[in-house]
Amino acid sequence: MFKETVKKLLDEGLKQREDLFLIDLEVLSDNTIKVIIDGDAGVLVEDCMFISRAIEHNLDREDQDFSLEVASVGAATPFTHQRQYKKNIGRILSVKTKDNQKFEATLANADENAIELEWKTREPKPVGKGKVTVKKHAKIEYSNILEAQVIIKF
């Protein structure tokens with residue numbers, strides 16, 4: 001019952017802020033509430049505070065003792081939502097597919113069905129010795145993605 005109440009309050013808060021979306025909600029047996037959110041333009045501390053207030057201000061601590069944590073998704077956390085792809089267009093991703101392919105490439109596009117990756121590689125020249133740089137593309141449907149995450153390079 002408590003989890004349903006929390007989920008309802010969270011959904012109401014997210015309806016007010018359509019730029020934010022839920023990544024994970026966990027309500028533990030000791031009434032610890034853990035919420036992880038992401039946003040189309042990233043997540044600020046104020047965004048976490050907004051969601052926290054949407055939940056906390058509508059629960060009565062006299063009825064139920066609880067602790068609440070609202071956090072943004074980590075930079076190196078694997079994607080779980082299609083909206084995460086759209087906000088990361090132009091960044092380098094590591095993508096593993098269900099058919100055991102692995103890509104490290106720039107996310108060029110993301111639509112409702114698939115993502116498009118681009119990368120450059122060196123291949124032997126068709127004629128003669130040496131190598132030439134070739135631009136490659138891959139279109140991968142979401143249903144074929146096993147894991148994807150941003151690669152952070154310094």
# chains A, B, ... in the order shown; residues from 1 in each chain; ligands from 1
>>> select_by_dssp(residues="region 21-116 of chain A", states="strand (DSSP E or B)", output="NGL selection string")
:A and (21-27 or 32-40 or 42 or 67-72 or 92-97 or 102-110 or 114-116)
>>> residues_around(residues="region 107-117 of chain A", least_positions_apart="3", cutoff="8 Å", atoms="only C-alpha atoms", output="list of chain:residue names")
A:Gln82, A:Tyr85, A:Lys86, A:Asn88, A:Ile89, A:Gly90, A:Arg91, A:Ile92, A:Leu93, A:His137, A:Ala138, A:Lys139, A:Ile140, A:Glu141, A:Tyr142
>>> write_last_selection(atoms="C-alpha atoms", output="JSON list (two decimals), in the first residue's frame")
[["chain", "number", "residue", "atom", "x", "y", "z"],
["A", 82, "GLN", "CA", 14.80, 5.48, -24.66],
["A", 85, "TYR", "CA", 19.52, 8.10, -25.99],
["A", 86, "LYS", "CA", 17.96, 11.26, -27.42],
["A", 88, "ASN", "CA", 23.02, 11.94, -25.50],
["A", 89, "ILE", "CA", 23.16, 12.42, -29.28],
["A", 90, "GLY", "CA", 26.67, 13.45, -30.22],
["A", 91, "ARG", "CA", 28.34, 11.60, -27.34],
["A", 92, "ILE", "CA", 30.42, 8.44, -27.53],
["A", 93, "LEU", "CA", 28.62, 5.30, -26.37],
["A", 137, "HIS", "CA", 27.43, 3.46, -39.64],
["A", 138, "ALA", "CA", 25.23, 1.04, -37.73],
["A", 139, "LYS", "CA", 21.52, 1.17, -37.01],
["A", 140, "ILE", "CA", 20.53, -0.83, -33.93],
["A", 141, "GLU", "CA", 16.97, -1.40, -32.79],
["A", 142, "TYR", "CA", 16.30, -0.86, -29.08]]
>>> select_by_dssp(residues="chain A", states="helix (DSSP H, G or I)", output="number ranges by chain")
A: 2-16, 45-56, 82-87, 142-144
>>> closest_residue(among="A:Asn58, A:Asn31, A:Asn144, A:Gln149", to="Gln101 (chain A)", atoms="only C-alpha atoms")
A:Asn144
>>> residues_around(residues="Ser52 (chain A)", least_positions_apart="2", cutoff="9 Å", atoms="only C-alpha atoms", output="tab-separated table (two decimals) with C-alpha atoms, in the first residue's frame")
chain	number	residue	atom	x	y	z
A	10	LEU	CA	5.96	10.45	-7.83
A	13	GLY	CA	5.32	15.19	-9.57
A	35	VAL	CA	14.18	7.43	-6.49
A	47	ASP	CA	15.01	18.98	-9.85
A	48	CYS	CA	15.79	16.38	-7.18
A	49	MET	CA	14.41	18.75	-4.53
A	50	PHE	CA	11.20	19.21	-6.53
A	54	ALA	CA	6.31	16.13	-4.32
A	55	ILE	CA	6.61	12.92	-2.35
A	56	GLU	CA	7.62	14.03	1.15
A	57	HIS	CA	5.13	16.89	1.56
A	68	LEU	CA	13.67	9.44	1.12
A	69	GLU	CA	16.56	9.67	-1.33
A	70	VAL	CA	16.16	11.33	-4.72
>>> residues_around(residues="Val27 (chain A)", least_positions_apart="3", cutoff="9 Å", atoms="only C-alpha atoms", output="JSON, numbers by chain")
{"A": [2, 3, 6, 30, 31, 32, 33, 34, 35]}
>>> closest_residue(among="A:Leu28, A:Met1, A:Thr106, A:Ile51", to="Leu14 (chain A)", atoms="only C-alpha atoms")
A:Ile51
>>> atom_distance(atom1="CA of Ser94 (chain A)", atom2="CA of Pro78 (chain A)")
9.3 Å
>>> residues_around(residues="Gly39 (chain A)", least_positions_apart="2", cutoff="7 Å", atoms="only C-alpha atoms", output="count of residues only")
7
>>> closest_residue(among="A:Gly128, A:Ser29, A:Trp119, A:Glu4", to="Ser67 (chain A)", atoms="only C-alpha atoms")
A:Ser29
>>> closest_residue(among="A:Phe66, A:Phe103, A:Phe154, A:Phe79", to="Asp38 (chain A)", atoms="only C-alpha atoms")
A:Phe79
>>> atom_distance(atom1="CA of Leu146 (chain A)", atom2="CA of Val95 (chain A)")
7.6 Å
>>> atom_distance(atom1="CA of Ala71 (chain A)", atom2="CA of Ile36 (chain A)")
4.9 Å
>>> closest_residue(among="A:Val45, A:Leu59, A:Ile151, A:Val127", to="Lys8 (chain A)", atoms="only C-alpha atoms")
A:Leu59
>>> closest_residue(among="A:Ala105, A:Ile152, A:Ser143, A:Leu44", to="Val73 (chain A)", atoms="only C-alpha atoms")
A:Leu44
>>> residues_around(residues="Pro124 (chain A)", least_positions_apart="5", cutoff="10 Å", atoms="only C-alpha atoms", output="PyMOL selection string")
chain A and resi 129-134
>>> write_last_selection(atoms="N, CA and C atoms", output="PDB file, in the first residue's frame")
ATOM      1  N   LYS A 129      49.034  -0.765 -51.358  1.00  0.00           N
ATOM      2  CA  LYS A 129      49.396  -0.950 -49.956  1.00  0.00           C
ATOM      3  C   LYS A 129      48.901   0.225 -49.120  1.00  0.00           C
ATOM      4  N   GLY A 130      48.872  -0.002 -47.825  1.00  0.00           N
ATOM      5  CA  GLY A 130      48.480   1.069 -46.915  1.00  0.00           C
ATOM      6  C   GLY A 130      47.027   0.948 -46.473  1.00  0.00           C
ATOM      7  N   LYS A 131      46.655   1.925 -45.677  1.00  0.00           N
ATOM      8  CA  LYS A 131      45.291   1.931 -45.140  1.00  0.00           C
ATOM      9  C   LYS A 131      44.629   3.267 -45.422  1.00  0.00           C
ATOM     10  N   VAL A 132      43.307   3.249 -45.363  1.00  0.00           N
ATOM     11  CA  VAL A 132      42.506   4.443 -45.584  1.00  0.00           C
ATOM     12  C   VAL A 132      41.487   4.541 -44.454  1.00  0.00           C
ATOM     13  N   THR A 133      41.152   5.770 -44.046  1.00  0.00           N
ATOM     14  CA  THR A 133      40.143   5.964 -43.013  1.00  0.00           C
ATOM     15  C   THR A 133      38.760   5.879 -43.637  1.00  0.00           C
ATOM     16  N   VAL A 134      37.905   5.059 -43.036  1.00  0.00           N
ATOM     17  CA  VAL A 134      36.559   4.836 -43.560  1.00  0.00           C
ATOM     18  C   VAL A 134      35.550   5.173 -42.465  1.00  0.00           C
TER      19      VAL A 134
END
